[in-house]
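Report on the structure given below.
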Amino acid sequence: MPISVRDETAQNPTAAAAPADRGMNRVVFLMALSVLINYIDRSNLSIAAPLLQEELHISNTQLGTLLAAFFWTYGLMQIPAGWLVDRFDVKWVFGIGFFVWSMATATTGMLRGFTALIVVRVILGIGESVAFPSYSNVLGRYFSEARRGLPNALLTTGLSLGPALGILIGGKAVGAFGWRPFFIALGLGGLLWLAPWMAWMPKRPANLHRASSQSIGIVPILRRRSAWGACLGQFAVNYFLYFLLTWLPSYLKRSRGFTMDEVAKYGALLFLMSAVSAATWGKLADHWIKAGATPTLVRKGALLIGHVGIGVALVLTALTQGRVFIGMLALTGVFLGIACCSTWAVAQTLAGPHACGRWTGVQNFIGNMAGWVAPVLTGFIVDRTGRFEWAFFITAGVAWCGAISWGLIVGRVEPVNWEQSASHSTIIATPAASPSVP
């Protein structure tokens, strides 16, 4: 007999979350660590970009294409990945994806042709595509609204520490040993993560598997105005994030004249400030919601502050010099952390436990179109103008448009009543006697 969405979540949406809140802390730690590895692996090419560009004799536009290749499949695979993690056991789906992206990273260090590098970056995108749908699946199923702020902030902390450590350590390693050993060590070393994941992540209960097989489809999600607002907002978040991930090292070296050691130090500063900011804001968000503040006020407030602030900071970064410039880099990191730490908490709340993987897949699919645009457009602008200022101004404008999307298109941050929408979707509702998920 099909399982009713109402019986599982609508009457008591935190019923399944409470036990996991008490026993899943080490899984949250592993997920945060995997985000760190994820973002080192996807941003490592930008660290190697100055040396790689000289070795392969490619233009800025070609380099931008190489930096964007990861996002082609990463974005396109988001909706299938969301379906996979909701339909099958996330333990195995994520484990397989992690293995694929780690091997792609290691293989990158063994390749020499431009085309071969494009292909392996495409494979990297396929492997990493399961990551954020998996995170939302776990947090949406096992953590209550008032407990999601800190876990999501820890994921953002890992997201920020990945590029920070990648730039800080990777910049020095690439300068000392070359970029190829750096990629091989990262890929093979990352595989060590798989052992604790397979040991600590519990299997999905059989009755939960049956329930998820009757879960919400993609079409009902696409009919929600809040889903489109979140998708457009995610595009803006990813645009300024990927602009910084892919071009910041080259900008610091070529436009500001920094050495590789200085690139490592100041690039890491931005992302370290983002990590501190995200962890702090995530903890405060949980505290405010427990004290009675609405998720709408807390989550959307963070997104508005983050988007408006990072737009201002990016403009000032492009226009300032000396110590003020370093301060603007740090301020950019602060607003980056605030902006990023609430995006998936919004998706998890709106979608509910049985659609959070698919909702995240849809949101990340639209959002990661920014990865197709930002690296290539930036390279094109730099080739045409010989300067980076216009790339910073465009990125700031995208950030401000994102603030409008989160603020005006996304409605109240509260769970969607999927059963109420059943007559317009594929949800199957059944009598109250249906078994529920413990």
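To be explicit about the labels: the chains of the structure tokens are called A, B, and onward in the order shown, and within each one the residues are counted from 1, while ligands get numbers from 1 in the order they are shown.
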Contacts between range 224-248 of chain A and range 40-84 of chain A, please, where a residue of range 40-84 of chain A counts if it comes within 7 Å (with only C-alpha atoms); show its shortest atom pair and distance in Å to one decimal, rows by chain and ascending number, as CSV.
residue,atom,partner,partner_atom,distance
A:Ser43,CA,A:Leu245,CA,5.8
A:Ser46,CA,A:Thr246,CA,5.0
A:Leu67,CA,A:Thr246,CA,6.5
Restricted to N, CA and C atoms, what would the selected residues look like written as a compact mmCIF listing (two decimals), in the first residue's frame?
# COMPACT_ATOMS: atom_id res chain seq x y z
N SER A 43 38.12 23.43 -7.04
CA SER A 43 38.80 24.72 -7.18
C SER A 43 40.29 24.58 -7.44
N SER A 46 41.90 26.21 -10.51
CA SER A 46 42.15 27.65 -10.49
C SER A 46 43.46 27.96 -9.78
N LEU A 67 37.92 25.94 -16.97
CA LEU A 67 37.40 26.11 -15.62
C LEU A 67 35.90 25.85 -15.55
Near Trp400 in chain A, counting only C-alpha atoms, which residues have an atom at most 10 Å away, once you skip same-chain residues fewer than 5 positions from it, shown as a ChimeraX atom specification? /A:233,236,304,306-312,395,405
Could you please take those selected residues and save C-alpha atoms as a tab-separated table (two decimals), in the first residue's frame?
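Resulting contents of part_12.tsv:
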chain	number	residue	atom	x	y	z
A	233	GLY	CA	18.76	33.10	-5.79
A	236	ALA	CA	23.32	34.46	-7.86
A	304	LEU	CA	19.51	39.56	2.04
A	306	GLY	CA	24.82	38.43	2.52
A	307	HIS	CA	23.85	39.31	-1.06
A	308	VAL	CA	23.69	43.07	-0.60
A	309	GLY	CA	26.89	43.07	1.45
A	310	ILE	CA	28.95	40.97	-0.94
A	311	GLY	CA	27.91	43.16	-3.88
A	312	VAL	CA	29.18	46.26	-2.09
A	395	THR	CA	29.31	39.89	-10.26
A	405	SER	CA	14.87	37.00	-5.78
Kindly indicate which residue among A:Ile58, A:Val362, A:Ala185, A:Val324 lies nearest to Ser102 in chain A, using only C-alpha atoms for the distances.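 So, comparing all the options, the nearest one is A:Ala185.
Ranking A:Ala164, A:Val100, A:Leu150, A:Val93 by their shortest atom-to-atom distance to Met201 in chain A, with only C-alpha atoms included, puts A:Val93 first.
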Could you tell me which of A:Val416, A:Ala313, A:Ile216, A:Ala199 comes closest to Leu331 in chain A if we count only C-alpha atoms? A:Ala313
I'd like the contact shell of Ser250 in chain A - 8 Å cut-off, only C-alpha atoms, skipping same-chain residues fewer than 2 positions apart - returned as a list in words.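 Once the adjacent positions are removed, what remains is Ser46, Ile47, Ala49, Pro50, Trp247, Leu248, Leu252, Lys253, Arg254 and Ser255 of chain A.
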Taking only C-alpha atoms into account, name the residue in A:Pro80, A:Gly140, A:Gly257, A:Gly397 that is nearest to Gln321 in chain A.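 Ranking A:Pro80, A:Gly140, A:Gly257, A:Gly397 by distance to Gln321 in chain A, first place goes to A:Gly257.
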Compare A:Leu270, A:Phe183, A:Ala81, A:Trp200 by their minimum atom-to-atom distance to Arg26 in chain A, counting only C-alpha atoms, and give me the closest one. A:Trp200
Can you tell me, as a PyMOL selection string, what residues are no more than 12 Å from Val382 in chain A when counting only C-alpha atoms, ignoring any on the same chain fewer than 2 positions away? chain A and resi 59-64+247+250-251+254-255+375-380+384-392
Include N, CA and C atoms and write out the residues we just selected as a PDB file, in the first residue's frame.
ATOM      1  N   SER A  59      44.645  30.710 -24.163  1.00  0.00           N
ATOM      2  CA  SER A  59      44.171  32.068 -23.906  1.00  0.00           C
ATOM      3  C   SER A  59      43.317  32.109 -22.635  1.00  0.00           C
ATOM      4  N   ASN A  60      42.964  33.320 -22.224  1.00  0.00           N
ATOM      5  CA  ASN A  60      42.086  33.467 -21.070  1.00  0.00           C
ATOM      6  C   ASN A  60      40.708  32.856 -21.330  1.00  0.00           C
ATOM      7  N   THR A  61      40.208  33.014 -22.563  1.00  0.00           N
ATOM      8  CA  THR A  61      38.914  32.425 -22.904  1.00  0.00           C
ATOM      9  C   THR A  61      38.979  30.909 -22.847  1.00  0.00           C
ATOM     10  N   GLN A  62      40.069  30.309 -23.344  1.00  0.00           N
ATOM     11  CA  GLN A  62      40.237  28.854 -23.258  1.00  0.00           C
ATOM     12  C   GLN A  62      40.359  28.408 -21.805  1.00  0.00           C
ATOM     13  N   LEU A  63      41.087  29.170 -21.016  1.00  0.00           N
ATOM     14  CA  LEU A  63      41.199  28.837 -19.599  1.00  0.00           C
ATOM     15  C   LEU A  63      39.834  28.907 -18.929  1.00  0.00           C
ATOM     16  N   GLY A  64      39.060  29.938 -19.270  1.00  0.00           N
ATOM     17  CA  GLY A  64      37.707  30.038 -18.725  1.00  0.00           C
ATOM     18  C   GLY A  64      36.855  28.847 -19.116  1.00  0.00           C
ATOM     19  N   TRP A 247      38.595  32.464 -10.496  1.00  0.00           N
ATOM     20  CA  TRP A 247      39.441  33.535 -11.008  1.00  0.00           C
ATOM     21  C   TRP A 247      40.213  34.311  -9.946  1.00  0.00           C
ATOM     22  N   SER A 250      44.154  33.892 -10.141  1.00  0.00           N
ATOM     23  CA  SER A 250      44.715  34.568 -11.317  1.00  0.00           C
ATOM     24  C   SER A 250      44.639  36.082 -11.182  1.00  0.00           C
ATOM     25  N   TYR A 251      43.539  36.578 -10.617  1.00  0.00           N
ATOM     26  CA  TYR A 251      43.385  38.020 -10.416  1.00  0.00           C
ATOM     27  C   TYR A 251      44.450  38.557  -9.467  1.00  0.00           C
ATOM     28  N   ARG A 254      47.977  38.212 -11.412  1.00  0.00           N
ATOM     29  CA  ARG A 254      48.186  38.958 -12.645  1.00  0.00           C
ATOM     30  C   ARG A 254      47.784  40.417 -12.540  1.00  0.00           C
ATOM     31  N   SER A 255      46.683  40.705 -11.867  1.00  0.00           N
ATOM     32  CA  SER A 255      46.218  42.085 -11.795  1.00  0.00           C
ATOM     33  C   SER A 255      46.828  42.839 -10.620  1.00  0.00           C
ATOM     34  N   PRO A 375      32.855  31.654 -15.221  1.00  0.00           N
ATOM     35  CA  PRO A 375      34.264  31.533 -15.614  1.00  0.00           C
ATOM     36  C   PRO A 375      34.528  31.988 -17.041  1.00  0.00           C
ATOM     37  N   VAL A 376      33.633  31.602 -17.981  1.00  0.00           N
ATOM     38  CA  VAL A 376      33.841  31.942 -19.390  1.00  0.00           C
ATOM     39  C   VAL A 376      33.652  33.434 -19.620  1.00  0.00           C
ATOM     40  N   LEU A 377      32.594  34.012 -19.052  1.00  0.00           N
ATOM     41  CA  LEU A 377      32.343  35.440 -19.225  1.00  0.00           C
ATOM     42  C   LEU A 377      33.484  36.266 -18.644  1.00  0.00           C
ATOM     43  N   THR A 378      33.997  35.856 -17.498  1.00  0.00           N
ATOM     44  CA  THR A 378      35.121  36.577 -16.899  1.00  0.00           C
ATOM     45  C   THR A 378      36.347  36.516 -17.795  1.00  0.00           C
ATOM     46  N   GLY A 379      36.654  35.320 -18.309  1.00  0.00           N
ATOM     47  CA  GLY A 379      37.792  35.199 -19.223  1.00  0.00           C
ATOM     48  C   GLY A 379      37.624  36.046 -20.469  1.00  0.00           C
ATOM     49  N   PHE A 380      36.410  36.072 -21.012  1.00  0.00           N
ATOM     50  CA  PHE A 380      36.126  36.871 -22.203  1.00  0.00           C
ATOM     51  C   PHE A 380      36.326  38.359 -21.908  1.00  0.00           C
ATOM     52  N   ARG A 384      39.113  40.916 -23.565  1.00  0.00           N
ATOM     53  CA  ARG A 384      38.707  42.093 -24.323  1.00  0.00           C
ATOM     54  C   ARG A 384      39.214  43.394 -23.717  1.00  0.00           C
ATOM     55  N   THR A 385      39.218  43.465 -22.399  1.00  0.00           N
ATOM     56  CA  THR A 385      39.560  44.732 -21.740  1.00  0.00           C
ATOM     57  C   THR A 385      40.967  44.750 -21.146  1.00  0.00           C
ATOM     58  N   GLY A 386      41.511  43.571 -20.888  1.00  0.00           N
ATOM     59  CA  GLY A 386      42.807  43.492 -20.234  1.00  0.00           C
ATOM     60  C   GLY A 386      42.747  43.792 -18.747  1.00  0.00           C
ATOM     61  N   ARG A 387      41.525  43.923 -18.196  1.00  0.00           N
ATOM     62  CA  ARG A 387      41.344  44.277 -16.794  1.00  0.00           C
ATOM     63  C   ARG A 387      40.230  43.423 -16.188  1.00  0.00           C
ATOM     64  N   PHE A 388      40.189  43.386 -14.835  1.00  0.00           N
ATOM     65  CA  PHE A 388      39.203  42.589 -14.120  1.00  0.00           C
ATOM     66  C   PHE A 388      38.042  43.405 -13.549  1.00  0.00           C
ATOM     67  N   GLU A 389      38.130  44.747 -13.588  1.00  0.00           N
ATOM     68  CA  GLU A 389      37.141  45.548 -12.875  1.00  0.00           C
ATOM     69  C   GLU A 389      35.707  45.259 -13.320  1.00  0.00           C
ATOM     70  N   TRP A 390      35.469  45.159 -14.634  1.00  0.00           N
ATOM     71  CA  TRP A 390      34.107  44.949 -15.103  1.00  0.00           C
ATOM     72  C   TRP A 390      33.578  43.589 -14.669  1.00  0.00           C
ATOM     73  N   ALA A 391      34.456  42.606 -14.563  1.00  0.00           N
ATOM     74  CA  ALA A 391      34.023  41.292 -14.071  1.00  0.00           C
ATOM     75  C   ALA A 391      33.536  41.405 -12.625  1.00  0.00           C
ATOM     76  N   PHE A 392      34.219  42.212 -11.799  1.00  0.00           N
ATOM     77  CA  PHE A 392      33.779  42.426 -10.417  1.00  0.00           C
ATOM     78  C   PHE A 392      32.443  43.162 -10.378  1.00  0.00           C
TER      79      PHE A 392
END
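One distance worth recording is that between CA of Val122 in chain A and CA of Val346 in chain A, which is 28.8 Å.
If you measure from each of A:Phe98, A:Phe177, A:Trp288, A:Tyr142 to Val27 in chain A using only C-alpha atoms, the closest one turns out to be A:Tyr142.
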Could you name the residues that touch Ile123 in chain A at 10 Å or less, counting only C-alpha atoms, but leaving out those on the same chain fewer than 5 positions away, as JSON, numbers by chain? {"A": [69, 70, 72, 73, 74, 100, 101, 103, 104, 105, 117, 118, 128, 129]}
Store the residues picked out above in a file with N, CA and C atoms, as a PDB file, in the first residue's frame.
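Here's the written file out.pdb:
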ATOM      1  N   ALA A  69      34.210  23.694 -17.565  1.00  0.00           N
ATOM      2  CA  ALA A  69      33.833  22.349 -18.029  1.00  0.00           C
ATOM      3  C   ALA A  69      33.245  21.502 -16.906  1.00  0.00           C
ATOM      4  N   PHE A  70      33.780  21.625 -15.707  1.00  0.00           N
ATOM      5  CA  PHE A  70      33.247  20.904 -14.554  1.00  0.00           C
ATOM      6  C   PHE A  70      31.753  21.160 -14.382  1.00  0.00           C
ATOM      7  N   TRP A  72      29.449  21.910 -16.531  1.00  0.00           N
ATOM      8  CA  TRP A  72      28.522  21.418 -17.544  1.00  0.00           C
ATOM      9  C   TRP A  72      27.777  20.188 -17.034  1.00  0.00           C
ATOM     10  N   THR A  73      28.521  19.179 -16.646  1.00  0.00           N
ATOM     11  CA  THR A  73      27.868  17.954 -16.176  1.00  0.00           C
ATOM     12  C   THR A  73      27.411  18.084 -14.730  1.00  0.00           C
ATOM     13  N   TYR A  74      28.132  18.852 -13.940  1.00  0.00           N
ATOM     14  CA  TYR A  74      27.713  19.037 -12.547  1.00  0.00           C
ATOM     15  C   TYR A  74      26.306  19.626 -12.489  1.00  0.00           C
ATOM     16  N   VAL A 100      34.123   8.410  -7.613  1.00  0.00           N
ATOM     17  CA  VAL A 100      34.310   8.858  -8.992  1.00  0.00           C
ATOM     18  C   VAL A 100      35.042  10.198  -9.028  1.00  0.00           C
ATOM     19  N   TRP A 101      34.630  11.151  -8.168  1.00  0.00           N
ATOM     20  CA  TRP A 101      35.275  12.467  -8.259  1.00  0.00           C
ATOM     21  C   TRP A 101      36.711  12.427  -7.731  1.00  0.00           C
ATOM     22  N   MET A 103      38.840   9.885  -8.027  1.00  0.00           N
ATOM     23  CA  MET A 103      39.664   9.298  -9.084  1.00  0.00           C
ATOM     24  C   MET A 103      39.857  10.287 -10.242  1.00  0.00           C
ATOM     25  N   ALA A 104      38.837  11.080 -10.532  1.00  0.00           N
ATOM     26  CA  ALA A 104      38.981  12.089 -11.587  1.00  0.00           C
ATOM     27  C   ALA A 104      40.030  13.125 -11.201  1.00  0.00           C
ATOM     28  N   THR A 105      40.047  13.518  -9.932  1.00  0.00           N
ATOM     29  CA  THR A 105      41.055  14.477  -9.462  1.00  0.00           C
ATOM     30  C   THR A 105      42.453  13.913  -9.619  1.00  0.00           C
ATOM     31  N   LEU A 117      42.007  17.194 -20.482  1.00  0.00           N
ATOM     32  CA  LEU A 117      41.661  17.887 -19.241  1.00  0.00           C
ATOM     33  C   LEU A 117      40.183  18.275 -19.219  1.00  0.00           C
ATOM     34  N   ILE A 118      39.639  18.674 -20.360  1.00  0.00           N
ATOM     35  CA  ILE A 118      38.209  18.970 -20.447  1.00  0.00           C
ATOM     36  C   ILE A 118      37.399  17.731 -20.074  1.00  0.00           C
ATOM     37  N   GLU A 128      30.734  14.762  -8.485  1.00  0.00           N
ATOM     38  CA  GLU A 128      30.374  15.717  -7.428  1.00  0.00           C
ATOM     39  C   GLU A 128      28.895  16.104  -7.451  1.00  0.00           C
ATOM     40  N   SER A 129      28.178  15.761  -8.517  1.00  0.00           N
ATOM     41  CA  SER A 129      26.782  16.183  -8.634  1.00  0.00           C
ATOM     42  C   SER A 129      25.888  15.616  -7.536  1.00  0.00           C
TER      43      SER A 129
END
Taking only range 207-340 of chain A into account, list the residues labelled alpha helix (DSSP H) by DSSP (computed from the backbone), as a PyMOL selection string. chain A and resi 207-213+218-222+225-250+260-290+295-319+322-340
Can you write out the residues you just picked, keeping C-alpha atoms, as a JSON list (two decimals), in the first residue's frame?
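Saved as selection-v6.json:
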[["chain", "number", "residue", "atom", "x", "y", "z"],
["A", 207, "ASN", "CA", 9.91, 1.38, 5.42],
["A", 208, "LEU", "CA", 11.54, 4.76, 4.74],
["A", 209, "HIS", "CA", 12.66, 3.40, 1.37],
["A", 210, "ARG", "CA", 9.12, 2.38, 0.49],
["A", 211, "ALA", "CA", 7.81, 5.79, 1.53],
["A", 212, "SER", "CA", 10.34, 7.67, -0.58],
["A", 213, "SER", "CA", 9.47, 5.63, -3.66],
["A", 218, "ILE", "CA", 9.79, 17.22, -10.20],
["A", 219, "VAL", "CA", 6.73, 18.86, -11.80],
["A", 220, "PRO", "CA", 5.04, 19.82, -8.50],
["A", 221, "ILE", "CA", 8.31, 21.43, -7.39],
["A", 222, "LEU", "CA", 8.55, 23.44, -10.61],
["A", 225, "ARG", "CA", 6.89, 30.16, -7.00],
["A", 226, "SER", "CA", 9.25, 29.75, -4.05],
["A", 227, "ALA", "CA", 11.15, 27.07, -5.96],
["A", 228, "TRP", "CA", 11.84, 29.45, -8.82],
["A", 229, "GLY", "CA", 12.82, 32.19, -6.41],
["A", 230, "ALA", "CA", 15.24, 29.83, -4.69],
["A", 231, "CYS", "CA", 16.63, 28.70, -8.05],
["A", 232, "LEU", "CA", 17.32, 32.25, -9.19],
["A", 233, "GLY", "CA", 18.76, 33.10, -5.79],
["A", 234, "GLN", "CA", 21.00, 30.05, -5.99],
["A", 235, "PHE", "CA", 22.20, 31.18, -9.43],
["A", 236, "ALA", "CA", 23.32, 34.46, -7.86],
["A", 237, "VAL", "CA", 25.01, 32.70, -4.92],
["A", 238, "ASN", "CA", 26.85, 30.36, -7.26],
["A", 239, "TYR", "CA", 27.82, 33.15, -9.64],
["A", 240, "PHE", "CA", 29.78, 35.13, -7.06],
["A", 241, "LEU", "CA", 31.08, 31.95, -5.39],
["A", 242, "TYR", "CA", 32.35, 30.45, -8.65],
["A", 243, "PHE", "CA", 33.74, 33.77, -9.82],
["A", 244, "LEU", "CA", 35.90, 33.82, -6.69],
["A", 245, "LEU", "CA", 36.75, 30.11, -6.85],
["A", 246, "THR", "CA", 37.84, 30.11, -10.48],
["A", 247, "TRP", "CA", 39.44, 33.53, -11.01],
["A", 248, "LEU", "CA", 40.60, 34.91, -7.65],
["A", 249, "PRO", "CA", 44.10, 33.34, -7.76],
["A", 250, "SER", "CA", 44.72, 34.57, -11.32],
["A", 260, "MET", "CA", 52.29, 32.72, -5.35],
["A", 261, "ASP", "CA", 52.89, 32.88, -1.58],
["A", 262, "GLU", "CA", 50.91, 36.12, -1.38],
["A", 263, "VAL", "CA", 48.18, 34.65, -3.59],
["A", 264, "ALA", "CA", 47.96, 31.73, -1.17],
["A", 265, "LYS", "CA", 47.82, 34.00, 1.88],
["A", 266, "TYR", "CA", 45.29, 36.58, 0.70],
["A", 267, "GLY", "CA", 43.13, 34.13, -1.23],
["A", 268, "ALA", "CA", 42.92, 31.94, 1.85],
["A", 269, "LEU", "CA", 42.03, 34.98, 3.99],
["A", 270, "LEU", "CA", 38.81, 35.54, 2.04],
["A", 271, "PHE", "CA", 37.63, 31.95, 2.42],
["A", 272, "LEU", "CA", 38.75, 31.65, 6.03],
["A", 273, "MET", "CA", 36.64, 34.68, 6.90],
["A", 274, "SER", "CA", 33.75, 33.03, 5.07],
["A", 275, "ALA", "CA", 34.17, 29.88, 7.17],
["A", 276, "VAL", "CA", 34.17, 31.81, 10.46],
["A", 277, "SER", "CA", 31.22, 33.92, 9.36],
["A", 278, "ALA", "CA", 29.13, 30.90, 8.30],
["A", 279, "ALA", "CA", 29.75, 28.93, 11.50],
["A", 280, "THR", "CA", 28.93, 31.95, 13.66],
["A", 281, "TRP", "CA", 25.78, 32.86, 11.77],
["A", 282, "GLY", "CA", 24.55, 29.24, 11.67],
["A", 283, "LYS", "CA", 24.80, 28.91, 15.44],
["A", 284, "LEU", "CA", 23.04, 32.24, 15.95],
["A", 285, "ALA", "CA", 20.29, 31.23, 13.49],
["A", 286, "ASP", "CA", 19.47, 28.11, 15.50],
["A", 287, "HIS", "CA", 19.42, 30.16, 18.69],
["A", 288, "TRP", "CA", 17.05, 32.77, 17.20],
["A", 289, "ILE", "CA", 14.63, 30.16, 15.87],
["A", 290, "LYS", "CA", 14.59, 28.32, 19.21],
["A", 295, "PRO", "CA", 12.55, 30.75, 9.79],
["A", 296, "THR", "CA", 11.39, 33.31, 7.23],
["A", 297, "LEU", "CA", 12.95, 36.18, 9.18],
["A", 298, "VAL", "CA", 16.15, 34.33, 10.06],
["A", 299, "ARG", "CA", 16.87, 32.56, 6.76],
["A", 300, "LYS", "CA", 15.79, 35.32, 4.38],
["A", 301, "GLY", "CA", 17.41, 37.96, 6.58],
["A", 302, "ALA", "CA", 20.76, 36.19, 6.24],
["A", 303, "LEU", "CA", 20.40, 35.89, 2.48],
["A", 304, "LEU", "CA", 19.51, 39.56, 2.04],
["A", 305, "ILE", "CA", 22.37, 40.77, 4.24],
["A", 306, "GLY", "CA", 24.82, 38.43, 2.52],
["A", 307, "HIS", "CA", 23.85, 39.31, -1.06],
["A", 308, "VAL", "CA", 23.69, 43.07, -0.60],
["A", 309, "GLY", "CA", 26.89, 43.07, 1.45],
["A", 310, "ILE", "CA", 28.95, 40.97, -0.94],
["A", 311, "GLY", "CA", 27.91, 43.16, -3.88],
["A", 312, "VAL", "CA", 29.18, 46.26, -2.09],
["A", 313, "ALA", "CA", 32.36, 44.49, -0.96],
["A", 314, "LEU", "CA", 33.15, 43.25, -4.50],
["A", 315, "VAL", "CA", 32.85, 46.76, -5.94],
["A", 316, "LEU", "CA", 35.13, 48.15, -3.25],
["A", 317, "THR", "CA", 37.60, 45.27, -3.73],
["A", 318, "ALA", "CA", 37.97, 46.20, -7.40],
["A", 319, "LEU", "CA", 38.51, 49.89, -6.64],
["A", 322, "GLY", "CA", 46.88, 48.41, -0.24],
["A", 323, "ARG", "CA", 45.57, 47.55, 3.20],
["A", 324, "VAL", "CA", 42.07, 48.72, 2.32],
["A", 325, "PHE", "CA", 42.04, 46.21, -0.53],
["A", 326, "ILE", "CA", 43.04, 43.41, 1.87],
["A", 327, "GLY", "CA", 40.30, 44.52, 4.23],
["A", 328, "MET", "CA", 37.75, 44.39, 1.40],
["A", 329, "LEU", "CA", 38.86, 40.85, 0.56],
["A", 330, "ALA", "CA", 38.20, 39.86, 4.17],
["A", 331, "LEU", "CA", 34.82, 41.65, 4.17],
["A", 332, "THR", "CA", 33.87, 39.84, 0.96],
["A", 333, "GLY", "CA", 34.52, 36.59, 2.81],
["A", 334, "VAL", "CA", 32.33, 37.62, 5.74],
["A", 335, "PHE", "CA", 29.33, 38.31, 3.50],
["A", 336, "LEU", "CA", 30.03, 35.18, 1.45],
["A", 337, "GLY", "CA", 29.65, 33.04, 4.57],
["A", 338, "ILE", "CA", 26.41, 34.77, 5.60],
["A", 339, "ALA", "CA", 24.93, 34.40, 2.11],
["A", 340, "CYS", "CA", 25.82, 30.75, 1.63]]
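Interatomic distance, CA of Val138 in chain A against CA of Val28 in chain A: 8.9 Å.
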Report as a list in words all protein, DNA and RNA residues lying within 12 Å of Glu55 in chain A, evaluated on only C-alpha atoms, omitting residues in the same chain fewer than 5 positions from it.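 Contacts, in chain order: Ala48, Ala49, Pro50, Leu63, Arg112, Gly113, Phe114, Gly178, Trp179 and Arg180 of chain A.
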Output N, CA and C atoms for every residue in the selection just made, as a short mmCIF file (atom, residue, chain, number, x, y, z; two decimals), in the first residue's frame.
data_model
loop_
_atom_site.label_atom_id
_atom_site.label_comp_id
_atom_site.auth_asym_id
_atom_site.auth_seq_id
_atom_site.Cartn_x
_atom_site.Cartn_y
_atom_site.Cartn_z
N ALA A 48 46.09 26.04 -9.90
CA ALA A 48 47.14 25.69 -10.85
C ALA A 48 47.07 26.52 -12.13
N ALA A 49 46.02 27.33 -12.30
CA ALA A 49 45.76 28.01 -13.57
C ALA A 49 46.93 28.83 -14.10
N PRO A 50 47.60 29.66 -13.27
CA PRO A 50 48.69 30.45 -13.83
C PRO A 50 49.79 29.59 -14.46
N LEU A 63 41.09 29.17 -21.02
CA LEU A 63 41.20 28.84 -19.60
C LEU A 63 39.83 28.91 -18.93
N ARG A 112 48.00 15.64 -20.12
CA ARG A 112 48.80 16.72 -20.67
C ARG A 112 48.09 17.52 -21.75
N GLY A 113 47.04 17.01 -22.34
CA GLY A 113 46.37 17.72 -23.42
C GLY A 113 45.17 18.51 -22.93
N PHE A 114 44.85 19.59 -23.64
CA PHE A 114 43.72 20.43 -23.28
C PHE A 114 42.41 19.66 -23.35
N GLY A 178 55.12 21.82 -8.37
CA GLY A 178 54.38 21.75 -9.61
C GLY A 178 52.94 21.32 -9.35
N TRP A 179 52.07 21.50 -10.35
CA TRP A 179 50.65 21.24 -10.13
C TRP A 179 50.27 19.78 -10.24
N ARG A 180 51.02 18.97 -10.98
CA ARG A 180 50.63 17.57 -11.19
C ARG A 180 50.68 16.73 -9.91
#
Between CA of Lys91 in chain A and CA of Ser160 in chain A - distance in Å to one decimal: 24.0 Å
Distance query Thr349 in chain A at most 8 Å, only C-alpha atoms, self and fewer than 4 positions along chain excluded, as a list in words: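 The contact residues come out as Gly140, Glu145, Ala345, Val413, Glu414 and Pro415 of chain A.
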